[in-house]
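Text of model30.tsv (TSV, C-alpha atoms and all ligand atoms) as supplied:
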```tsv
chain	number	residue	atom	x	y	z
A	67	MET	CA	0.00	0.00	0.00
A	68	LYS	CA	1.43	3.36	-1.02
A	69	THR	CA	1.92	5.94	1.70
A	70	LYS	CA	3.31	8.92	-0.22
A	71	PRO	CA	1.16	10.84	-2.72
A	72	VAL	CA	2.49	10.14	-6.24
A	73	ILE	CA	2.91	13.06	-8.65
A	74	LEU	CA	3.49	12.52	-12.36
A	75	VAL	CA	5.66	15.31	-13.78
A	76	VAL	CA	5.53	15.60	-17.58
A	77	ASP	CA	7.99	17.89	-19.36
A	78	ASP	CA	10.27	17.62	-22.38
A	79	GLN	CA	12.93	19.71	-20.56
A	80	PRO	CA	14.76	17.53	-17.98
A	81	GLN	CA	15.88	20.60	-16.04
A	82	ASN	CA	12.24	21.60	-15.44
A	83	ILE	CA	11.47	18.14	-14.06
A	84	GLU	CA	14.55	18.30	-11.84
A	85	LEU	CA	13.53	21.69	-10.49
A	86	LEU	CA	10.01	20.52	-9.68
A	87	GLU	CA	11.39	17.36	-8.09
A	88	ALA	CA	13.75	19.45	-5.96
A	89	TYR	CA	10.76	21.38	-4.64
A	90	LEU	CA	8.41	18.43	-4.18
A	91	ASP	CA	10.63	15.60	-2.98
A	92	PRO	CA	11.48	17.16	0.42
A	93	GLN	CA	7.71	17.59	1.02
A	94	GLY	CA	7.23	13.83	1.05
A	95	TYR	CA	5.86	13.36	-2.49
A	96	GLU	CA	6.94	10.56	-4.76
A	97	ILE	CA	7.78	11.70	-8.28
A	98	VAL	CA	7.19	9.75	-11.49
A	99	ARG	CA	8.72	11.28	-14.63
A	100	ALA	CA	7.61	11.41	-18.25
A	101	ALA	CA	9.37	13.25	-21.11
A	102	ASN	CA	6.35	13.52	-23.44
A	103	GLY	CA	2.63	12.91	-23.81
A	104	GLU	CA	2.88	9.27	-24.97
A	105	GLU	CA	5.14	8.40	-22.07
A	106	ALA	CA	2.80	10.16	-19.64
A	107	LEU	CA	-0.19	8.10	-20.82
A	108	GLY	CA	1.90	4.93	-20.43
A	109	ARG	CA	2.94	5.88	-16.89
A	110	LEU	CA	-0.70	6.42	-15.98
A	111	LEU	CA	-1.51	2.87	-16.97
A	112	SER	CA	1.28	1.34	-14.87
A	113	ASN	CA	1.41	3.65	-11.80
A	114	PRO	CA	-1.15	4.78	-9.24
A	115	ILE	CA	-0.95	8.54	-9.82
A	116	ASP	CA	-2.50	11.14	-7.49
A	117	LEU	CA	-1.74	14.34	-9.43
A	118	ILE	CA	-0.21	15.40	-12.76
A	119	LEU	CA	1.98	18.42	-13.41
A	120	LEU	CA	1.77	18.68	-17.17
A	121	ASP	CA	3.82	20.94	-19.44
A	122	VAL	CA	1.75	22.51	-22.21
A	123	MET	CA	4.34	23.16	-24.87
A	124	MET	CA	5.87	19.85	-25.82
A	125	PRO	CA	6.91	18.38	-29.16
A	126	GLY	CA	4.33	15.92	-30.52
A	127	MET	CA	1.29	15.78	-28.34
A	128	ASP	CA	0.84	19.07	-26.44
A	129	GLY	CA	-0.48	19.36	-22.87
A	130	PHE	CA	-4.05	20.11	-24.01
A	131	GLU	CA	-4.22	16.93	-26.07
A	132	VAL	CA	-2.68	14.84	-23.25
A	133	THR	CA	-5.32	16.25	-20.87
A	134	ARG	CA	-8.14	15.38	-23.29
A	135	ARG	CA	-6.87	11.81	-23.67
A	136	ILE	CA	-6.49	11.33	-19.93
A	137	ARG	CA	-10.09	12.49	-19.38
A	138	GLN	CA	-11.38	9.99	-21.95
A	139	ASP	CA	-10.67	7.22	-19.44
A	140	ASP	CA	-13.53	7.25	-16.96
A	141	LYS	CA	-11.34	6.23	-14.04
A	142	ASN	CA	-9.21	9.38	-14.57
A	143	ARG	CA	-12.19	11.70	-14.69
A	144	LEU	CA	-11.36	13.20	-11.28
A	145	LEU	CA	-7.55	12.92	-11.39
A	146	PRO	CA	-6.12	16.42	-10.68
A	147	ILE	CA	-4.16	17.91	-13.62
A	148	ILE	CA	-2.17	21.11	-13.29
A	149	LEU	CA	-1.07	22.60	-16.61
A	150	VAL	CA	2.38	24.13	-16.43
A	151	THR	CA	2.76	26.93	-18.92
A	152	ALA	CA	4.68	30.00	-19.81
A	153	LEU	CA	1.58	31.27	-21.59
A	154	LYS	CA	-0.58	33.72	-19.80
A	155	GLU	CA	-3.12	34.42	-22.48
A	156	THR	CA	-6.73	33.95	-21.44
A	157	GLU	CA	-7.38	31.99	-24.63
A	158	ASP	CA	-4.89	29.29	-23.59
A	159	ARG	CA	-6.36	29.04	-20.13
A	160	VAL	CA	-9.83	28.62	-21.58
A	161	LYS	CA	-8.44	25.93	-23.89
A	162	GLY	CA	-6.91	24.18	-20.88
A	163	ILE	CA	-10.16	24.27	-18.92
A	164	GLU	CA	-12.07	22.97	-21.95
A	165	ALA	CA	-9.59	20.10	-22.25
A	166	GLY	CA	-10.33	19.20	-18.61
A	167	CYS	CA	-7.47	20.55	-16.48
A	168	ASP	CA	-8.04	21.67	-12.88
A	169	ASP	CA	-5.47	24.38	-12.40
A	170	PHE	CA	-2.50	26.29	-13.93
A	171	LEU	CA	1.02	26.99	-12.86
A	172	SER	CA	3.13	29.62	-14.58
A	173	LYS	CA	6.76	29.40	-15.44
A	174	PRO	CA	9.06	30.41	-13.88
A	175	PHE	CA	7.81	28.47	-10.84
A	176	ASP	CA	7.04	30.07	-7.56
A	177	LYS	CA	7.78	27.39	-4.97
A	178	MET	CA	5.14	28.52	-2.48
A	179	GLU	CA	2.46	28.75	-5.15
A	180	LEU	CA	3.44	25.32	-6.51
A	181	LEU	CA	3.22	23.67	-3.08
A	182	ALA	CA	-0.05	25.38	-2.21
A	183	ARG	CA	-1.75	24.32	-5.46
A	184	VAL	CA	-0.44	20.75	-5.24
A	185	GLN	CA	-1.54	20.41	-1.62
A	186	SER	CA	-4.96	21.81	-2.29
A	187	LEU	CA	-5.66	19.52	-5.26
A	188	LEU	CA	-4.32	16.47	-3.40
A	189	LYS	CA	-6.82	17.19	-0.63
A	190	VAL	CA	-9.61	17.22	-3.19
A	191	LYS	CA	-8.24	13.96	-4.67
A	192	ALA	CA	-8.13	12.32	-1.22
A	193	TYR	CA	-11.73	13.37	-0.60
A	194	ASN	CA	-12.83	12.03	-3.99
A	195	ASP	CA	-11.01	8.72	-3.34
A	196	LEU	CA	-12.77	8.46	-0.01
A	197	MET	CA	-16.15	9.00	-1.64
A	198	ILE	CA	-15.40	6.52	-4.45
A	199	ASN	CA	-14.31	3.86	-1.93
A	200	TYR	CA	-17.34	4.56	0.21
A	201	ARG	CA	-19.62	4.15	-2.83
A	202	LYS	CA	-17.87	0.91	-3.80
A	203	GLU	CA	-18.26	-0.45	-0.26
A	204	LEU	CA	-21.90	0.58	-0.27
A	205	GLU	CA	-22.47	-1.10	-3.63
A	206	SER	CA	-20.83	-4.34	-2.51
A	207	GLU	CA	-22.88	-4.25	0.71
A	208	VAL	CA	-26.06	-3.79	-1.33
A	209	THR	CA	-25.01	-6.70	-3.61
A	210	ARG	CA	-24.30	-8.89	-0.57
A	211	ARG	CA	-27.63	-8.03	1.07
A	212	THR	CA	-29.48	-8.60	-2.22
A	213	GLU	CA	-27.87	-12.06	-2.49
A	214	GLU	CA	-28.85	-12.83	1.09
A	215	LEU	CA	-32.43	-11.76	0.39
A	216	LYS	CA	-32.48	-13.86	-2.77
A	217	HIS	CA	-31.34	-16.93	-0.84
A	218	ALA	CA	-33.84	-16.27	1.94
A	219	PHE	CA	-36.58	-15.94	-0.68
A	220	GLU	CA	-35.51	-19.22	-2.32
A	221	ARG	CA	-35.61	-20.95	1.06
A	222	ILE	CA	-39.10	-19.59	1.77
A	223	LYS	CA	-40.26	-20.74	-1.66
A	224	ALA	CA	-38.84	-24.23	-1.08
A	225	ALA	CA	-40.50	-24.33	2.33
A	226	SER	CA	-43.82	-23.23	0.80
A	227	LEU	CA	-43.64	-25.98	-1.83
A	228	ASP	CA	-42.77	-28.54	0.83
A	229	THR	CA	-45.72	-27.38	2.96
A	230	ILE	CA	-48.07	-27.62	-0.02
A	231	TYR	CA	-46.85	-31.14	-0.82
A	232	ARG	CA	-47.25	-32.35	2.72
A	233	LEU	CA	-50.70	-30.84	3.22
A	234	SER	CA	-51.85	-32.05	-0.20
A	235	MET	CA	-50.48	-35.51	0.58
A	236	ALA	CA	-52.50	-35.54	3.81
A	237	SER	CA	-55.67	-35.00	1.78
A	238	GLU	CA	-54.74	-37.74	-0.73
A	239	TYR	CA	-53.54	-40.49	1.59
A	240	LYS	CA	-57.03	-41.81	2.22
A	241	ASP	CA	-57.55	-42.97	-1.33
A	242	GLU	CA	-54.08	-43.11	-2.83
A	243	ASP	CA	-51.86	-43.81	0.13
A	244	THR	CA	-48.93	-42.15	-1.59
A	245	GLY	CA	-47.50	-38.70	-2.06
A	246	ALA	CA	-45.79	-39.49	-5.33
A	247	HIS	CA	-48.91	-38.80	-7.43
A	248	ILE	CA	-48.99	-35.08	-6.61
A	249	LYS	CA	-45.24	-34.70	-7.15
A	250	ARG	CA	-45.43	-36.31	-10.59
A	251	MET	CA	-48.67	-34.59	-11.53
A	252	SER	CA	-47.40	-31.08	-10.65
A	253	ARG	CA	-44.17	-31.66	-12.57
A	254	TYR	CA	-46.07	-32.95	-15.60
A	255	CYS	CA	-48.13	-29.74	-15.43
A	256	ALA	CA	-45.03	-27.51	-15.28
A	257	ALA	CA	-43.36	-29.37	-18.19
A	258	ILE	CA	-46.49	-29.12	-20.38
A	259	ALA	CA	-46.91	-25.42	-19.47
A	260	ARG	CA	-43.31	-24.74	-20.52
A	261	ARG	CA	-43.82	-26.54	-23.81
A	262	MET	CA	-46.94	-24.45	-24.42
A	263	GLY	CA	-44.84	-21.28	-24.13
A	264	LEU	CA	-46.20	-19.97	-20.83
A	265	ASP	CA	-43.83	-17.58	-19.05
A	266	GLU	CA	-41.50	-18.84	-16.32
A	267	SER	CA	-43.37	-17.14	-13.50
A	268	THR	CA	-46.68	-18.78	-14.56
A	269	ILE	CA	-44.94	-22.16	-14.95
A	270	GLU	CA	-43.59	-21.88	-11.41
A	271	THR	CA	-47.01	-20.86	-10.09
A	272	ILE	CA	-48.57	-23.91	-11.78
A	273	LEU	CA	-45.89	-26.15	-10.22
A	274	TYR	CA	-46.86	-24.80	-6.78
A	275	ALA	CA	-50.61	-24.77	-7.41
A	276	ALA	CA	-51.16	-28.17	-9.07
A	277	PRO	CA	-50.45	-30.31	-5.95
A	278	MET	CA	-53.60	-28.86	-4.40
A	279	HIS	CA	-55.92	-30.07	-7.19
A	280	ASP	CA	-57.62	-32.76	-5.06
A	281	LEU	CA	-57.52	-30.93	-1.73
A	282	GLY	CA	-61.34	-31.07	-1.64
A	283	LYS	CA	-61.26	-34.87	-1.17
A	284	ILE	CA	-60.76	-34.05	2.49
A	285	GLY	CA	-64.49	-33.24	2.57
A	286	ILE	CA	-65.65	-36.48	0.90
A	287	PRO	CA	-66.82	-39.26	3.26
A	288	ASP	CA	-64.34	-42.14	3.51
A	289	LEU	CA	-66.96	-44.71	2.52
A	290	ILE	CA	-67.26	-43.03	-0.86
A	291	LEU	CA	-63.58	-42.12	-1.23
A	292	VAL	CA	-62.23	-45.63	-0.69
A	293	LYS	CA	-65.22	-47.65	-1.90
A	294	PRO	CA	-63.72	-50.62	-3.75
A	295	ALA	CA	-66.75	-50.88	-6.05
A	296	LYS	CA	-68.38	-48.57	-8.57
A	297	LEU	CA	-70.02	-45.51	-7.01
A	298	ASP	CA	-73.81	-45.26	-7.24
A	299	PRO	CA	-75.25	-42.08	-8.85
A	300	VAL	CA	-75.63	-40.18	-5.58
A	301	GLU	CA	-72.17	-41.18	-4.37
A	302	TRP	CA	-70.76	-40.06	-7.71
A	303	GLU	CA	-72.46	-36.65	-7.43
A	304	ILE	CA	-70.94	-36.26	-3.94
A	305	MET	CA	-67.52	-37.35	-5.20
A	306	LYS	CA	-67.65	-34.77	-8.01
A	307	LEU	CA	-68.01	-32.03	-5.41
A	308	HIS	CA	-64.37	-32.49	-4.29
A	309	THR	CA	-63.65	-29.88	-6.98
A	310	VAL	CA	-65.93	-27.28	-5.36
A	311	ILE	CA	-64.82	-28.13	-1.81
A	312	GLY	CA	-61.15	-27.73	-2.86
A	313	ALA	CA	-61.86	-24.41	-4.58
A	314	ASN	CA	-63.73	-23.19	-1.50
A	315	ILE	CA	-60.79	-24.08	0.76
A	316	LEU	CA	-58.41	-22.12	-1.47
A	317	LYS	CA	-60.54	-19.15	-2.53
A	318	GLY	CA	-59.84	-15.53	-1.62
A	319	SER	CA	-56.07	-15.82	-1.21
A	320	ASP	CA	-53.71	-13.00	-2.22
A	321	ALA	CA	-50.95	-15.54	-2.94
A	322	ALA	CA	-50.82	-16.21	-6.70
A	323	PHE	CA	-50.13	-19.93	-6.34
A	324	ILE	CA	-53.07	-20.45	-3.98
A	325	ALA	CA	-55.35	-18.42	-6.26
A	326	LEU	CA	-54.28	-20.63	-9.18
A	327	GLY	CA	-54.67	-23.65	-6.90
A	328	GLU	CA	-58.33	-22.64	-6.54
A	329	THR	CA	-58.70	-22.54	-10.35
A	330	ILE	CA	-57.03	-25.93	-10.81
A	331	ALA	CA	-59.02	-27.52	-7.96
A	332	ARG	CA	-62.25	-26.31	-9.56
A	333	CYS	CA	-61.41	-27.04	-13.22
A	334	HIS	CA	-59.22	-30.15	-13.39
A	335	HIS	CA	-62.25	-32.39	-14.22
A	336	GLU	CA	-63.74	-30.06	-16.83
A	337	LYS	CA	-63.63	-31.49	-20.37
A	338	TRP	CA	-62.88	-29.77	-23.68
A	339	ASP	CA	-66.26	-30.84	-25.14
A	340	GLY	CA	-68.21	-29.49	-22.14
A	341	SER	CA	-69.09	-32.88	-20.63
A	342	GLY	CA	-66.93	-32.44	-17.53
A	343	TYR	CA	-67.72	-31.15	-14.06
A	344	PRO	CA	-68.50	-29.18	-11.95
A	345	GLY	CA	-69.24	-26.30	-14.38
A	346	GLY	CA	-69.63	-28.13	-17.69
A	347	LEU	CA	-67.25	-25.54	-19.13
A	348	LYS	CA	-66.31	-25.95	-22.77
A	349	GLY	CA	-63.11	-25.27	-24.79
A	350	THR	CA	-61.23	-22.16	-23.78
A	351	GLU	CA	-63.86	-21.35	-21.14
A	352	ILE	CA	-61.76	-23.76	-19.08
A	353	PRO	CA	-58.71	-21.88	-17.77
A	354	ILE	CA	-55.47	-23.10	-19.38
A	355	ALA	CA	-54.10	-24.33	-16.03
A	356	GLY	CA	-57.22	-26.51	-15.64
A	357	ARG	CA	-56.80	-27.94	-19.17
A	358	ILE	CA	-53.15	-28.76	-18.44
A	359	ALA	CA	-53.93	-30.28	-15.02
A	360	ALA	CA	-56.64	-32.47	-16.57
A	361	ILE	CA	-54.23	-34.34	-18.83
A	362	ALA	CA	-51.48	-34.57	-16.18
A	363	ASP	CA	-53.94	-35.95	-13.61
A	364	VAL	CA	-55.46	-38.52	-15.97
A	365	PHE	CA	-52.11	-39.72	-17.33
A	366	ASP	CA	-50.80	-40.25	-13.80
A	367	ALA	CA	-53.98	-42.01	-12.68
A	368	LEU	CA	-53.81	-44.34	-15.71
A	369	THR	CA	-50.15	-45.25	-15.17
A	370	SER	CA	-50.46	-45.70	-11.40
A	371	LYS	CA	-51.56	-48.60	-9.25
A	372	ARG	CA	-54.77	-48.03	-7.32
A	373	PRO	CA	-56.50	-50.22	-4.70
A	374	TYR	CA	-59.03	-51.17	-7.39
A	375	LYS	CA	-56.71	-51.49	-10.42
A	376	GLU	CA	-53.23	-52.34	-11.66
A	377	PRO	CA	-51.32	-49.63	-13.58
A	378	PHE	CA	-51.96	-49.45	-17.32
A	379	SER	CA	-48.89	-49.63	-19.55
A	380	VAL	CA	-47.46	-46.34	-20.77
A	381	GLU	CA	-48.42	-47.32	-24.32
A	382	LYS	CA	-52.06	-48.00	-23.40
A	383	SER	CA	-52.22	-44.81	-21.30
A	384	LEU	CA	-50.85	-42.72	-24.18
A	385	THR	CA	-53.45	-44.25	-26.52
A	386	ILE	CA	-56.23	-43.31	-24.10
A	387	ILE	CA	-54.90	-39.73	-23.89
A	388	MET	CA	-54.75	-39.50	-27.69
A	389	GLU	CA	-58.30	-40.83	-27.96
A	390	GLY	CA	-59.39	-37.99	-25.66
A	391	ARG	CA	-57.84	-35.32	-27.95
A	392	GLY	CA	-60.57	-32.81	-28.78
A	393	SER	CA	-63.21	-34.49	-26.57
A	394	HIS	CA	-61.82	-34.86	-23.04
A	395	PHE	CA	-58.67	-32.81	-23.62
A	396	ASP	CA	-57.64	-29.57	-25.32
A	397	PRO	CA	-55.97	-30.69	-28.60
A	398	ASP	CA	-53.13	-28.16	-28.15
A	399	VAL	CA	-52.39	-29.48	-24.66
A	400	VAL	CA	-52.39	-33.06	-25.97
A	401	ASP	CA	-49.95	-32.03	-28.72
A	402	ALA	CA	-47.67	-30.32	-26.17
A	403	PHE	CA	-47.88	-33.43	-23.96
A	404	PHE	CA	-46.85	-35.74	-26.80
A	405	ALA	CA	-44.08	-33.34	-27.91
A	406	ILE	CA	-42.41	-33.77	-24.51
A	407	GLN	CA	-43.24	-37.46	-24.08
A	408	ASP	CA	-39.63	-38.33	-23.15
A	409	GLU	CA	-39.55	-35.66	-20.44
A	410	ILE	CA	-42.90	-36.91	-19.08
A	411	LEU	CA	-41.54	-40.46	-18.85
A	412	THR	CA	-38.36	-39.20	-17.14
A	413	ILE	CA	-40.49	-37.44	-14.50
A	414	LYS	CA	-42.55	-40.62	-14.09
A	415	GLN	CA	-39.36	-42.58	-13.45
A	416	GLN	CA	-37.80	-39.94	-11.23
A	417	TYR	CA	-40.81	-39.67	-8.93
A	418	GLY	CA	-41.76	-43.32	-8.67
A	419	GLU	CA	-43.96	-44.63	-5.87
A	420	ASP	CA	-42.98	-43.49	-2.38
A	421	ASN	CA	-41.70	-46.23	-0.12
A	422	GLN	CA	-43.11	-44.32	2.75
A	423	GLN	CA	-46.72	-45.37	3.38
A	424	VAL	CA	-47.88	-43.12	6.18
A	425	PHE	CA	-50.64	-45.44	7.36
A	426	ASP	CA	-48.45	-48.52	7.13
A	427	ILE	CA	-47.71	-48.67	10.88
A	428	PRO	CA	-47.83	-52.20	12.44
A	429	GLU	CA	-49.28	-51.00	15.78
A	430	LEU	CA	-51.95	-49.05	13.91
A	431	LYS	CA	-52.96	-52.15	11.95
A	432	ILE	CA	-53.36	-54.22	15.14
A	433	LEU	CA	-55.30	-51.46	16.88
A	434	LEU	CA	-57.56	-50.97	13.86
A	435	GLN	CA	-58.32	-54.70	13.73
A	436	LYS	CA	-59.30	-54.58	17.43
A	437	TYR	CA	-61.33	-51.45	16.84
A	438	ASN	CA	-63.18	-52.99	13.88
A	439	ARG	CA	-63.97	-56.15	15.86
A	440	PHE	CA	-65.22	-54.02	18.73
A	441	SER	CA	-67.34	-51.72	16.60
A	442	ASN	CA	-68.78	-54.56	14.52
A	501	FE	FE	-59.75	-34.71	-8.80
```
Please, can you express the file's structure as structure tokens?
Ligand SMILES: [Fe+2]
Amino acid sequence: MKTKPVILVVDDQPQNIELLEAYLDPQGYEIVRAANGEEALGRLLSNPIDLILLDVMMPGMDGFEVTRRIRQDDKNRLLPIILVTALKETEDRVKGIEAGCDDFLSKPFDKMELLARVQSLLKVKAYNDLMINYRKELESEVTRRTEELKHAFERIKAASLDTIYRLSMASEYKDEDTGAHIKRMSRYCAAIARRMGLDESTIETILYAAPMHDLGKIGIPDLILVKPAKLDPVEWEIMKLHTVIGANILKGSDAAFIALGETIARCHHEKWDGSGYPGGLKGTEIPIAGRIAAIADVFDALTSKRPYKEPFSVEKSLTIIMEGRGSHFDPDVVDAFFAIQDEILTIKQQYGEDNQQVFDIPELKILLQKYNRFSN
């Protein structure tokens, strides 16, 4: 770290440099020499300079031109430049100011004047350096804080998604006994949404919202939810209301993903031809997120094991989806789904069935058997 202020003295006459050095050196300044403009610009690149004493009349590039070139570099915008000149004409001084110099010193030198001007401009330079460093520190602090906030936000988002998964799983365990369905289904939705050209923020919102599509099952009686046989007409009408119950649980939220969760809960059983429920909405009356969720939900149900059925093969499931193009499903969504078939199958593989069966607790089984005997 340098301790002495460094002054660049530029003059084509060595005796002038020596004279200035003789005045400045005893004052504790370090002197860097340059015999012409080119050399001065080179010195600036390789030395940390605090002030320049620059002769005006030099062969080649004169002091005005050197000043202009120095000022072109943004980092030298505030570097003090004193033009040393024998000229006293106002016109030359104006030219010097226009070029960007800060002060003038007339030849022959007056030692006291020289030292006073140098000292004064070095004070200004020190103040400017302080401000520049302060601004840099402030900027890096802002960057650091912004990064911290970004990480905190990411953690909150991850925690929100985890909470949604766990709560949604709780509502699904009764009839599916696994959390893997909602993980796969929401990722299918996000992948289809991306293929359909939806923006990243909407895709992320769909990823967060889709797990809640069957939240309303929490309000359906267990006897209907887990009935191993076909539902009778009344039971079926009750079952269909899981869409409305789910939407009611989620409605009125300011959070975008919960608001979209309401839409998906309500619309994921609507059909493109208007034969779905609960609203019998048709075509684009069904919000796009509902149309996407419909295909993701059906594909996962087809390819998954259920208490009442074995999983269909991927091939058979894809055929069923294709058969529903334009009747059950939006044709564009079906096309997007088939365009990313490989990605869909990767997700299916990646989020296979959970090993963790939350109700699969030996003590619970024994107690339930006792309870059933007792209650029967
Ligand atoms: Fe559903």
Show me, as a VMD selection string, the residues that have an atom within 10 Å of Ser341 in chain A when counting only C-alpha atoms, minus same-chain residues fewer than 6 positions from it. chain A and resid 335 347 to 348 393 to 394
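Interatomic distance, CA of Tyr254 in chain A against CA of Ala362 in chain A: 5.7 Å.
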Tell me which protein, DNA and RNA residues are within 12 Å of Leu273 in chain A, counting all atoms listed in the file, leaving out same-chain ones fewer than 3 positions away, and put them as a PDB file with C-alpha atoms, in the frame of the given file.
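Saved to selection.pdb:
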```
ATOM      1  CA  LYS A 223     -40.260 -20.740  -1.660  1.00  0.00           C
ATOM      2  CA  ALA A 224     -38.840 -24.230  -1.080  1.00  0.00           C
ATOM      3  CA  SER A 226     -43.820 -23.230   0.800  1.00  0.00           C
ATOM      4  CA  LEU A 227     -43.640 -25.980  -1.830  1.00  0.00           C
ATOM      5  CA  ASP A 228     -42.770 -28.540   0.830  1.00  0.00           C
ATOM      6  CA  ILE A 230     -48.070 -27.620  -0.020  1.00  0.00           C
ATOM      7  CA  TYR A 231     -46.850 -31.140  -0.820  1.00  0.00           C
ATOM      8  CA  ILE A 248     -48.990 -35.080  -6.610  1.00  0.00           C
ATOM      9  CA  LYS A 249     -45.240 -34.700  -7.150  1.00  0.00           C
ATOM     10  CA  ARG A 250     -45.430 -36.310 -10.590  1.00  0.00           C
ATOM     11  CA  MET A 251     -48.670 -34.590 -11.530  1.00  0.00           C
ATOM     12  CA  SER A 252     -47.400 -31.080 -10.650  1.00  0.00           C
ATOM     13  CA  ARG A 253     -44.170 -31.660 -12.570  1.00  0.00           C
ATOM     14  CA  TYR A 254     -46.070 -32.950 -15.600  1.00  0.00           C
ATOM     15  CA  CYS A 255     -48.130 -29.740 -15.430  1.00  0.00           C
ATOM     16  CA  ALA A 256     -45.030 -27.510 -15.280  1.00  0.00           C
ATOM     17  CA  ALA A 257     -43.360 -29.370 -18.190  1.00  0.00           C
ATOM     18  CA  ILE A 258     -46.490 -29.120 -20.380  1.00  0.00           C
ATOM     19  CA  ALA A 259     -46.910 -25.420 -19.470  1.00  0.00           C
ATOM     20  CA  ARG A 260     -43.310 -24.740 -20.520  1.00  0.00           C
ATOM     21  CA  GLU A 266     -41.500 -18.840 -16.320  1.00  0.00           C
ATOM     22  CA  SER A 267     -43.370 -17.140 -13.500  1.00  0.00           C
ATOM     23  CA  THR A 268     -46.680 -18.780 -14.560  1.00  0.00           C
ATOM     24  CA  ILE A 269     -44.940 -22.160 -14.950  1.00  0.00           C
ATOM     25  CA  GLU A 270     -43.590 -21.880 -11.410  1.00  0.00           C
ATOM     26  CA  ALA A 276     -51.160 -28.170  -9.070  1.00  0.00           C
ATOM     27  CA  PRO A 277     -50.450 -30.310  -5.950  1.00  0.00           C
ATOM     28  CA  MET A 278     -53.600 -28.860  -4.400  1.00  0.00           C
ATOM     29  CA  HIS A 279     -55.920 -30.070  -7.190  1.00  0.00           C
ATOM     30  CA  ALA A 322     -50.820 -16.210  -6.700  1.00  0.00           C
ATOM     31  CA  PHE A 323     -50.130 -19.930  -6.340  1.00  0.00           C
ATOM     32  CA  ILE A 324     -53.070 -20.450  -3.980  1.00  0.00           C
ATOM     33  CA  LEU A 326     -54.280 -20.630  -9.180  1.00  0.00           C
ATOM     34  CA  GLY A 327     -54.670 -23.650  -6.900  1.00  0.00           C
ATOM     35  CA  ILE A 330     -57.030 -25.930 -10.810  1.00  0.00           C
ATOM     36  CA  ALA A 355     -54.100 -24.330 -16.030  1.00  0.00           C
ATOM     37  CA  ILE A 358     -53.150 -28.760 -18.440  1.00  0.00           C
ATOM     38  CA  ALA A 359     -53.930 -30.280 -15.020  1.00  0.00           C
ATOM     39  CA  ALA A 362     -51.480 -34.570 -16.180  1.00  0.00           C
TER      40      ALA A 362
END
```
Tell me which of A:Thr69, A:Asn113, A:Thr309, A:Thr151 sits closest to ligand FE 501 (chain A), counting all atoms listed in the file. A:Thr309
Near-ligand residues for ligand FE 501 (chain A), threshold 12 Å, all atoms listed in the file, as a PyMOL selection string: chain A and resi 234+237-238+241-242+247-248+251+276-284+286+291+305-313+330-336+342-344+356+359-364+366-367
Using only C-alpha atoms, what residues lie at most 12 Å away from (4.1, 5.5, -16.2) (file coordinates), given as a list in words?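 The residues that fall inside the cut-off are Val72, Ile73, Leu74, Val75, Val76, Ile97, Val98, Arg99, Ala100, Ala101, Asn102, Gly103, Glu104, Glu105, Ala106, Leu107, Gly108, Arg109, Leu110, Leu111, Ser112, Asn113, Pro114, Ile115 and Ile118 of chain A.
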In Å to one decimal, how far is CA of Arg201 in chain A from CA of Ile163 in chain A? 27.4 Å
Atom pair CA of Asp398 in chain A + CA of Phe378 in chain A, distance 23.9 Å
Which of these, A:Thr369, A:Thr329, A:Thr133, A:Gln185, has the shortest distance to Ile352 in chain A once you count all atoms listed in the file? A:Thr329
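Minimum atom-to-atom distance to Lys177 in chain A, evaluated using all atoms listed in the file, belongs to A:Leu90 out of A:Val190, A:Leu90, A:Ile222, A:Met197.
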Put a box with edges along x, y and z around all the listed atoms of range 219-237 of chain A, pad it by 8 Å on each side, then give me its centre and sizes in Å, one decimal, as JSON.
```
{"center_x": -45.6, "center_y": -25.7, "center_z": 0.7, "size_x": 36.2, "size_y": 35.6, "size_z": 22.1}
```
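Distance check against Gly94 in chain A using all atoms listed in the file: of A:Val399, A:Val122, A:Leu384, A:Leu181, the minimum falls on A:Leu181.
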Counting all atoms listed in the file, which residue out of A:Arg159, A:Lys337, A:Lys431, A:Lys375 sits closest to Pro294 in chain A?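 Looking at the shortest contact to Pro294 in chain A, the residue is A:Lys375.
The shell of residues at most 8 Å from Ala152 in chain A, with only C-alpha atoms counted and near chain neighbours (fewer than 6 positions) removed, consists of Ser172, Lys173 and Pro174 of chain A.
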Kindly save the residues from that selection, with C-alpha atoms included, as a CSV table (one decimal), keeping the file's coordinate frame.
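Saved to result_23.csv:
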```csv
chain,number,residue,atom,x,y,z
A,172,SER,CA,3.1,29.6,-14.6
A,173,LYS,CA,6.8,29.4,-15.4
A,174,PRO,CA,9.1,30.4,-13.9
```
Counting all atoms listed in the file, note down every residue that has an atom within 6 Å of the point (-3.1, 13.5, -12.7) (file coordinates), as a VMD selection string. chain A and resid 116 to 118 145 to 147
